[in-house]
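**Student:** This one is start36.cif, mmCIF, C-alpha atoms (C1' of nucleotides).
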data_target
#
loop_
_atom_site.group_PDB
_atom_site.id
_atom_site.type_symbol
_atom_site.label_atom_id
_atom_site.label_comp_id
_atom_site.auth_asym_id
_atom_site.auth_seq_id
_atom_site.Cartn_x
_atom_site.Cartn_y
_atom_site.Cartn_z
ATOM 1 C CA MET A 1 -0.938 18.284 -15.399
ATOM 2 C CA THR A 2 1.945 17.302 -17.577
ATOM 3 C CA ALA A 3 2.773 13.656 -17.655
ATOM 4 C CA LEU A 4 6.278 12.599 -18.485
ATOM 5 C CA VAL A 5 5.999 8.909 -17.854
ATOM 6 C CA ARG A 6 9.055 7.233 -19.307
ATOM 7 C CA GLY A 7 11.841 5.160 -17.941
ATOM 8 C CA LYS A 8 13.703 1.895 -17.911
ATOM 9 C CA LEU A 9 11.840 -1.273 -17.050
ATOM 10 C CA LEU A 10 13.206 -3.121 -14.054
ATOM 11 C CA THR A 11 14.672 -6.596 -14.534
ATOM 12 C CA PRO A 12 14.254 -9.938 -12.738
ATOM 13 C CA VAL A 13 17.702 -9.394 -11.217
ATOM 14 C CA PHE A 14 16.399 -6.261 -9.463
ATOM 15 C CA PHE A 15 13.738 -8.306 -7.685
ATOM 16 C CA ASP A 16 15.788 -11.466 -7.184
ATOM 17 C CA ARG A 17 17.163 -10.169 -3.878
ATOM 18 C CA ASP A 18 16.381 -9.751 -0.210
ATOM 19 C CA PRO A 19 13.029 -7.900 0.068
ATOM 20 C CA ARG A 20 14.711 -5.340 2.316
ATOM 21 C CA HIS A 21 16.975 -4.215 -0.520
ATOM 22 C CA VAL A 22 14.148 -4.252 -3.024
ATOM 23 C CA ALA A 23 11.856 -2.264 -0.718
ATOM 24 C CA ARG A 24 14.500 0.399 -0.229
ATOM 25 C CA GLU A 25 15.415 0.687 -3.890
ATOM 26 C CA LEU A 26 11.832 0.805 -5.115
ATOM 27 C CA LEU A 27 11.487 4.213 -3.454
ATOM 28 C CA GLY A 28 11.493 6.876 -6.160
ATOM 29 C CA LYS A 29 10.509 4.485 -8.971
ATOM 30 C CA LEU A 30 7.270 4.942 -10.920
ATOM 31 C CA LEU A 31 4.335 2.551 -10.847
ATOM 32 C CA ILE A 32 2.460 2.832 -14.123
ATOM 33 C CA ARG A 33 -0.883 1.540 -15.324
ATOM 34 C CA LYS A 34 -1.551 1.723 -19.048
ATOM 35 C CA THR A 35 -5.182 2.479 -19.815
ATOM 36 C CA ALA A 36 -7.128 3.301 -22.953
ATOM 37 C CA GLY A 37 -7.438 6.867 -21.686
ATOM 38 C CA GLY A 38 -3.709 7.291 -21.090
ATOM 39 C CA PRO A 39 -1.285 6.262 -18.365
ATOM 40 C CA LEU A 40 -1.827 6.406 -14.634
ATOM 41 C CA ALA A 41 1.413 6.920 -12.751
ATOM 42 C CA GLY A 42 2.606 7.393 -9.210
ATOM 43 C CA ARG A 43 6.008 7.696 -7.612
ATOM 44 C CA ILE A 44 6.644 5.061 -4.964
ATOM 45 C CA VAL A 45 7.229 6.857 -1.658
ATOM 46 C CA GLU A 46 6.558 4.126 0.932
ATOM 47 C CA THR A 47 7.113 0.345 0.988
ATOM 48 C CA GLU A 48 7.313 -2.535 3.428
ATOM 49 C CA ALA A 49 9.437 -5.669 3.210
ATOM 50 C CA TYR A 50 7.961 -9.067 4.058
ATOM 51 C CA LEU A 51 10.520 -11.783 4.550
ATOM 52 C CA GLY A 52 9.937 -15.427 3.875
ATOM 53 C CA LYS A 53 11.317 -17.277 6.845
ATOM 54 C CA GLY A 54 11.000 -16.185 10.453
ATOM 55 C CA ASP A 55 8.730 -13.269 9.594
ATOM 56 C CA LEU A 56 5.455 -14.105 11.318
ATOM 57 C CA ALA A 57 3.758 -11.080 9.768
ATOM 58 C CA ALA A 58 4.318 -12.409 6.246
ATOM 59 C CA HIS A 59 1.536 -14.284 4.504
ATOM 60 C CA SER A 60 4.117 -16.880 3.562
ATOM 61 C CA ALA A 61 5.049 -17.559 7.191
ATOM 62 C CA ALA A 62 2.918 -20.707 7.383
ATOM 63 C CA GLY A 63 3.912 -22.005 3.980
ATOM 64 C CA ARG A 64 2.510 -21.986 0.506
ATOM 65 C CA THR A 65 -1.241 -21.762 -0.076
ATOM 66 C CA ALA A 66 -3.457 -20.965 -3.034
ATOM 67 C CA ARG A 67 -3.631 -17.334 -1.978
ATOM 68 C CA ASN A 68 0.066 -16.636 -1.495
ATOM 69 C CA SER A 69 1.550 -18.825 -4.224
ATOM 70 C CA VAL A 70 2.771 -15.832 -6.260
ATOM 71 C CA VAL A 71 5.156 -14.916 -3.456
ATOM 72 C CA PHE A 72 6.768 -18.332 -3.881
ATOM 73 C CA GLY A 73 7.031 -17.869 -7.630
ATOM 74 C CA PRO A 74 9.580 -16.021 -9.761
ATOM 75 C CA PRO A 75 10.593 -12.460 -8.797
ATOM 76 C CA GLY A 76 8.978 -9.303 -10.148
ATOM 77 C CA HIS A 77 5.360 -10.437 -10.201
ATOM 78 C CA ALA A 78 2.272 -8.875 -8.633
ATOM 79 C CA TYR A 79 0.863 -10.481 -5.503
ATOM 80 C CA VAL A 80 -2.562 -8.945 -4.898
ATOM 81 C CA TYR A 81 -4.686 -9.966 -1.936
ATOM 82 C CA PHE A 82 -8.064 -8.924 -0.564
ATOM 83 C CA ILE A 83 -8.266 -7.760 3.023
ATOM 84 C CA TYR A 84 -10.866 -6.661 5.579
ATOM 85 C CA GLY A 85 -13.645 -7.484 3.147
ATOM 86 C CA ASN A 86 -13.009 -4.177 1.402
ATOM 87 C CA HIS A 87 -9.542 -3.535 0.079
ATOM 88 C CA TYR A 88 -6.879 -4.899 -2.210
ATOM 89 C CA CYS A 89 -3.173 -4.621 -1.498
ATOM 90 C CA LEU A 90 -0.346 -4.835 -4.036
ATOM 91 C CA ASN A 91 2.992 -6.553 -3.472
ATOM 92 C CA VAL A 92 5.817 -7.569 -5.749
ATOM 93 C CA SER A 93 7.467 -10.962 -5.375
ATOM 94 C CA CYS A 94 11.156 -11.086 -4.514
ATOM 95 C CA LEU A 95 13.853 -13.777 -4.365
ATOM 96 C CA PRO A 96 14.141 -16.728 -6.781
ATOM 97 C CA LEU A 97 11.465 -19.273 -7.625
ATOM 98 C CA GLY A 98 10.663 -21.313 -4.529
ATOM 99 C CA GLU A 99 11.796 -18.752 -1.963
ATOM 100 C CA PRO A 100 9.013 -16.586 -0.508
ATOM 101 C CA GLY A 101 9.414 -12.854 0.005
ATOM 102 C CA GLY A 102 7.816 -9.654 -1.162
ATOM 103 C CA VAL A 103 7.401 -5.919 -0.903
ATOM 104 C CA LEU A 104 4.111 -4.175 -0.118
ATOM 105 C CA PHE A 105 3.405 -0.893 -1.911
ATOM 106 C CA ARG A 106 2.089 1.457 0.756
ATOM 107 C CA ALA A 107 1.927 4.918 -0.840
ATOM 108 C CA LEU A 108 2.371 6.731 -4.141
ATOM 109 C CA GLU A 109 2.789 10.369 -5.050
ATOM 110 C CA PRO A 110 0.368 10.937 -7.949
ATOM 111 C CA VAL A 111 2.239 11.857 -11.145
ATOM 112 C CA ALA A 112 -0.089 11.281 -14.109
ATOM 113 C CA GLY A 113 -3.766 10.543 -14.613
ATOM 114 C CA ILE A 114 -4.803 12.575 -11.578
ATOM 115 C CA GLU A 115 -8.354 13.099 -12.777
ATOM 116 C CA GLU A 116 -8.849 9.420 -13.617
ATOM 117 C CA MET A 117 -7.403 8.272 -10.309
ATOM 118 C CA ALA A 118 -9.513 10.764 -8.376
ATOM 119 C CA ALA A 119 -12.598 9.396 -10.110
ATOM 120 C CA ALA A 120 -11.594 5.827 -9.248
ATOM 121 C CA ARG A 121 -11.245 6.944 -5.642
ATOM 122 C CA ASP A 122 -14.630 8.648 -5.727
ATOM 123 C CA LEU A 123 -13.114 12.057 -5.060
ATOM 124 C CA ASP A 124 -14.446 15.274 -6.513
ATOM 125 C CA PHE A 125 -11.963 16.790 -8.925
ATOM 126 C CA SER A 126 -12.175 20.089 -10.777
ATOM 127 C CA GLU A 127 -9.292 21.046 -13.046
ATOM 128 C CA ASP A 128 -10.079 24.723 -12.612
ATOM 129 C CA TYR A 129 -10.206 24.547 -8.860
ATOM 130 C CA PHE A 130 -7.117 22.377 -8.655
ATOM 131 C CA SER A 131 -4.901 24.571 -10.825
ATOM 132 C CA ALA A 132 -5.945 27.610 -8.805
ATOM 133 C CA ALA A 133 -5.479 25.948 -5.422
ATOM 134 C CA GLY A 134 -2.529 26.727 -3.188
ATOM 135 C CA LYS A 135 0.321 24.318 -2.568
ATOM 136 C CA ALA A 136 -1.005 22.993 0.729
ATOM 137 C CA ALA A 137 -4.474 22.379 -0.692
ATOM 138 C CA LYS A 138 -2.984 20.551 -3.672
ATOM 139 C CA ILE A 139 -0.965 18.267 -1.437
ATOM 140 C CA ALA A 140 -3.984 17.621 0.790
ATOM 141 C CA PHE A 141 -6.020 16.578 -2.219
ATOM 142 C CA LEU A 142 -3.330 14.450 -3.865
ATOM 143 C CA LYS A 143 -2.681 12.710 -0.573
ATOM 144 C CA LYS A 144 -6.187 11.290 -0.636
ATOM 145 C CA ILE A 145 -5.540 9.508 -3.931
ATOM 146 C CA ALA A 146 -2.870 6.929 -3.170
ATOM 147 C CA SER A 147 -1.615 7.399 0.386
ATOM 148 C CA GLY A 148 -2.215 3.905 1.736
ATOM 149 C CA PRO A 149 -2.068 0.367 0.306
ATOM 150 C CA GLY A 150 -5.813 0.070 -0.206
ATOM 151 C CA ARG A 151 -6.098 3.558 -1.628
ATOM 152 C CA LEU A 152 -3.399 3.113 -4.241
ATOM 153 C CA CYS A 153 -5.003 -0.089 -5.462
ATOM 154 C CA GLU A 154 -8.358 1.641 -5.779
ATOM 155 C CA ALA A 155 -6.757 4.564 -7.650
ATOM 156 C CA PHE A 156 -5.060 2.174 -10.095
ATOM 157 C CA GLY A 157 -7.982 -0.226 -10.392
ATOM 158 C CA ILE A 158 -5.813 -3.028 -9.056
ATOM 159 C CA THR A 159 -7.711 -6.206 -8.141
ATOM 160 C CA ARG A 160 -6.771 -9.780 -7.493
ATOM 161 C CA GLU A 161 -8.867 -10.964 -10.403
ATOM 162 C CA ARG A 162 -7.232 -8.592 -12.821
ATOM 163 C CA ASP A 163 -3.633 -8.343 -11.664
ATOM 164 C CA ASN A 164 -2.554 -11.164 -9.354
ATOM 165 C CA GLY A 165 0.396 -13.038 -10.847
ATOM 166 C CA LYS A 166 1.085 -10.431 -13.530
ATOM 167 C CA SER A 167 4.661 -9.454 -14.359
ATOM 168 C CA LEU A 168 5.548 -5.901 -13.346
ATOM 169 C CA MET A 169 8.586 -5.921 -15.649
ATOM 170 C CA GLY A 170 7.082 -6.608 -19.042
ATOM 171 C CA ALA A 171 6.847 -4.238 -21.980
ATOM 172 C CA ARG A 172 3.546 -5.933 -22.730
ATOM 173 C CA SER A 173 2.213 -5.692 -19.198
ATOM 174 C CA ASP A 174 -0.332 -2.969 -18.472
ATOM 175 C CA LEU A 175 1.024 -2.699 -14.926
ATOM 176 C CA ARG A 176 4.737 -2.040 -14.578
ATOM 177 C CA ILE A 177 7.458 -0.294 -12.642
ATOM 178 C CA VAL A 178 10.031 1.942 -14.305
ATOM 179 C CA ASP A 179 13.116 3.883 -13.276
ATOM 180 C CA ASP A 180 12.925 7.405 -14.684
ATOM 181 C CA GLY A 181 16.214 8.439 -13.127
ATOM 182 C CA HIS A 182 14.637 10.207 -10.173
ATOM 183 C CA ARG A 183 16.807 10.078 -7.070
ATOM 184 C CA CYS A 184 15.151 10.354 -3.691
ATOM 185 C CA GLY A 185 17.224 11.736 -0.861
ATOM 186 C CA ARG A 186 17.135 10.426 2.670
ATOM 187 C CA ILE A 187 15.173 7.321 3.553
ATOM 188 C CA THR A 188 13.409 6.783 6.860
ATOM 189 C CA VAL A 189 12.981 3.278 8.291
ATOM 190 C CA THR A 190 10.247 2.412 10.814
ATOM 191 C CA PRO A 191 8.335 -0.642 12.028
ATOM 192 C CA ARG A 192 5.604 -1.896 9.728
ATOM 193 C CA ILE A 193 2.007 -0.758 10.044
ATOM 194 C CA GLY A 194 -1.095 -2.731 10.945
ATOM 195 C CA ILE A 195 0.527 -5.957 12.116
ATOM 196 C CA VAL A 196 0.843 -7.566 15.521
ATOM 197 C CA GLN A 197 3.334 -10.376 14.933
ATOM 198 C CA SER A 198 6.957 -9.421 14.300
ATOM 199 C CA ALA A 199 5.777 -5.853 14.780
ATOM 200 C CA ASP A 200 9.066 -4.422 16.003
ATOM 201 C CA HIS A 201 11.263 -5.044 13.001
ATOM 202 C CA PRO A 202 12.252 -1.915 11.063
ATOM 203 C CA LEU A 203 10.986 -3.018 7.659
ATOM 204 C CA ARG A 204 8.959 -0.019 6.505
ATOM 205 C CA TYR A 205 10.788 2.351 4.180
ATOM 206 C CA LEU A 206 9.749 5.836 3.193
ATOM 207 C CA ILE A 207 11.179 8.897 1.522
ATOM 208 C CA ALA A 208 12.079 11.225 4.387
ATOM 209 C CA GLY A 209 9.807 14.228 4.598
ATOM 210 C CA ASN A 210 7.643 13.208 1.654
ATOM 211 C CA PRO A 211 4.098 14.486 2.238
ATOM 212 C CA PHE A 212 2.421 11.591 0.434
ATOM 213 C CA VAL A 213 3.372 8.771 2.793
ATOM 214 C CA SER A 214 0.525 7.094 4.684
ATOM 215 C CA GLY A 215 -0.431 7.482 8.301
ATOM 216 C CA PRO A 216 -0.054 10.311 10.822
ATOM 217 C CA LYS A 217 2.900 12.612 10.303
ATOM 218 C CA ARG A 218 4.290 11.814 13.719
ATOM 219 C CA GLY A 219 5.403 8.223 13.290
ATOM 220 C CA ASN A 220 7.035 8.903 9.961
ATOM 221 C CA SER A 221 10.227 10.427 11.204
ATOM 222 C CA LEU A 222 10.863 8.553 14.430
ATOM 223 C CA PRO A 223 13.494 5.772 14.289
ATOM 224 C CA ALA A 224 16.516 5.060 12.154
ATOM 225 C CA LYS A 225 17.319 7.306 9.248
ATOM 226 C CA VAL A 226 19.525 6.206 6.425
ATOM 227 C CA SER A 227 20.931 8.165 3.550
ATOM 228 C CA ARG A 228 22.079 7.150 0.132
ATOM 229 C "C1'" DA B 1 -4.516 16.223 16.036
ATOM 230 C "C1'" DT B 2 -5.287 11.647 17.921
ATOM 231 C "C1'" DA B 3 -8.342 7.852 19.215
ATOM 232 C "C1'" DT B 4 -11.884 4.599 18.521
ATOM 233 C "C1'" DC B 5 -15.040 1.920 15.874
ATOM 234 C "C1'" DG B 6 -17.788 -0.453 12.240
ATOM 235 C "C1'" DA B 7 -17.828 -2.349 7.605
ATOM 236 C "C1'" DT B 8 -17.440 -6.750 5.025
ATOM 237 C "C1'" DT B 9 -15.576 -11.258 3.041
ATOM 238 C "C1'" DA B 10 -11.693 -14.470 1.538
ATOM 239 C "C1'" DT B 11 -8.903 -17.375 3.941
ATOM 240 C "C1'" DC B 12 -7.352 -20.446 7.281
ATOM 241 C "C1'" DT B 13 -8.062 -23.202 11.967
ATOM 242 C "C1'" DG C 1 -15.846 -19.356 13.691
ATOM 243 C "C1'" DA C 2 -12.058 -15.969 14.063
ATOM 244 C "C1'" DT C 3 -9.107 -13.176 11.839
ATOM 245 C "C1'" DA C 4 -7.047 -9.616 8.809
ATOM 246 C "C1'" DA C 5 -0.239 -6.130 5.626
ATOM 247 C "C1'" DT C 6 -7.325 -0.999 5.768
ATOM 248 C "C1'" DC C 7 -10.332 2.920 5.349
ATOM 249 C "C1'" DG C 8 -13.532 6.516 6.472
ATOM 250 C "C1'" DA C 9 -16.530 8.428 9.694
ATOM 251 C "C1'" DT C 10 -17.258 10.076 14.169
ATOM 252 C "C1'" DA C 11 -16.015 11.670 18.754
ATOM 253 C "C1'" DT C 12 -13.124 14.193 21.770
ATOM 254 C "C1'" DG C 13 -9.117 17.442 23.397
#
With the file now loaded, output its structure as structure tokens.
**Tutor:**
Amino acid sequence: MTALVRGKLLTPVFFDRDPRHVARELLGKLLIRKTAGGPLAGRIVETEAYLGKGDLAAHSAAGRTARNSVVFGPPGHAYVYFIYGNHYCLNVSCLPLGEPGGVLFRALEPVAGIEEMAAARDLDFSEDYFSAAGKAAKIAFLKKIASGPGRLCEAFGITRERDNGKSLMGARSDLRIVDDGHRCGRITVTPRIGIVQSADHPLRYLIAGNPFVSGPKRGNSLPAKVSR
DNA sequence: ATATCGATTATCT
DNA sequence: GATAATCGATATG
């Protein structure tokens, strides 16, 4: 697996906006984790926007607490929380200091560090088998690595202890997002997944037709489609 | 292919 | 004490 993992770091201005814009424009960017054994990288293919005010599904809906304080902080920083006693989820803070808002990373297309990520996910990986496998089998395997918010955190070793509050824009940060010039085509917008309050708002964004998005294939092409 | 269910704990009421 | 921005296993068509 070749790994061309280079690109421009994103800036505070990119994140200092409405989470809906950030969520949409994060599609196609690369999330990168620097490790001693080389970089882990995945292309962002699915996100969800969480708005500060009036969004009852957002952790910030009831105001600032110890857990959600990063979302009230400056833009471009990692908000990592623990959920269901089992999983971590990664968000990036949006909007200026004092205004809550964020974007949840829901799925990545594995780009570099496949073997390391598979190991972190407790998946069996054989280079020989993988390189010989057909296209469909490759996709099926790669989909298990980071297709889901809890899965991508496990693949990247993202935890609250290690990453909460960290800048995702820094040249010194081991966790960052870059723009490598990739342009995704059409974007599909659907309601968010796994929530009950404010469940109808179309705030989930995904690259249309991308096989690495989370969830059943059915719901991923239903409502509004937007191009860019 | 879709539905249902149990696991497991930080956080908030 | 109830809940949760999930996942993986199991059951059923």
**Student:** Provide the atom CA of Pro75 of chain A to atom CA of Leu10 of chain A distance in Å, to one decimal place.
**Tutor:** 11.0 Å
**Student:** Could you tell me which residues the PyMOL selection byres ((chain C and resi 1) around 12) returns for this structure, as a PyMOL selection string?
**Tutor:** (chain B and resi 12-13) or (chain C and resi 2-3)
**Student:** May I have the residues of chain A within 12 Å of chain B, counting all atoms listed in the file, written as a list in words?
**Tutor:**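 Output check: His59, Ala62, Gly63, Thr65, Ala66, Arg67, Asn68, Tyr81, Phe82, Ile83, Tyr84, Gly85, Asn86, His87, Tyr88, Arg160, Gly215, Pro216, Lys217 and Arg218 of chain A.
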**Student:** I'd like to see the residues matched by the PyMOL selection byres ((chain A and resi 78) around 8) on this file, and ideally I'd get them as a list in words.
**Tutor:**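 Residues picked by the PyMOL selection byres ((chain A and resi 78) around 8): Val70, Gly76, His77, Tyr79, Val80, Leu90, Asn91, Val92, Ser93, Asp163, Asn164, Gly165, Lys166, Ser167 and Leu168 of chain A.
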**Student:** For those residues, write C-alpha atoms to a file as an mmCIF file, in the frame of the given file.
**Tutor:**
data_model
loop_
_atom_site.group_PDB
_atom_site.id
_atom_site.type_symbol
_atom_site.label_atom_id
_atom_site.label_comp_id
_atom_site.auth_asym_id
_atom_site.auth_seq_id
_atom_site.Cartn_x
_atom_site.Cartn_y
_atom_site.Cartn_z
ATOM 1 C CA VAL A 70 2.771 -15.832 -6.260
ATOM 2 C CA GLY A 76 8.978 -9.303 -10.148
ATOM 3 C CA HIS A 77 5.360 -10.437 -10.201
ATOM 4 C CA TYR A 79 0.863 -10.481 -5.503
ATOM 5 C CA VAL A 80 -2.562 -8.945 -4.898
ATOM 6 C CA LEU A 90 -0.346 -4.835 -4.036
ATOM 7 C CA ASN A 91 2.992 -6.553 -3.472
ATOM 8 C CA VAL A 92 5.817 -7.569 -5.749
ATOM 9 C CA SER A 93 7.467 -10.962 -5.375
ATOM 10 C CA ASP A 163 -3.633 -8.343 -11.664
ATOM 11 C CA ASN A 164 -2.554 -11.164 -9.354
ATOM 12 C CA GLY A 165 0.396 -13.038 -10.847
ATOM 13 C CA LYS A 166 1.085 -10.431 -13.530
ATOM 14 C CA SER A 167 4.661 -9.454 -14.359
ATOM 15 C CA LEU A 168 5.548 -5.901 -13.346
#
**Student:** Determine which residues of chain C sit within 7 Å of chain A, taking into account all atoms listed in the file, and present them as a list in words.
**Tutor:**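 The contacting residues on chain C are DA4, DA5 and DT6 of chain C.
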**Student:** Could you check how far atom CA of Glu99 of chain A sits from atom CA of Gly42 of chain A, in Å to one decimal?
**Tutor:**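 About the pair atom CA of Glu99 of chain A and atom CA of Gly42 of chain A: they are 28.6 Å apart.
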**Student:** For atom CA of Leu31 of chain A and atom CA of Thr188 of chain A, determine how far apart the two atoms are, in Å to one decimal place.
**Tutor:** 20.3 Å
**Student:** So which residues get picked by the PyMOL selection byres ((chain A and resi 16-26) around 6) here, written as an MDAnalysis selection string?
**Tutor:** chainID A and resid 12:15 27 29 47 49 75 94:96 102:103
**Student:** Please list as a short mmCIF file (atom, residue, chain, number, x, y, z; two decimals) with C-alpha atoms, keeping the file's coordinate frame every residue within 7 Å of Pro202 of chain A, counting all atoms listed in the file and excluding residues in the same chain fewer than 5 positions away.
**Tutor:**
data_model
loop_
_atom_site.label_atom_id
_atom_site.label_comp_id
_atom_site.auth_asym_id
_atom_site.auth_seq_id
_atom_site.Cartn_x
_atom_site.Cartn_y
_atom_site.Cartn_z
CA VAL A 189 12.98 3.28 8.29
CA THR A 190 10.25 2.41 10.81
CA PRO A 191 8.34 -0.64 12.03
CA ARG A 192 5.60 -1.90 9.73
#
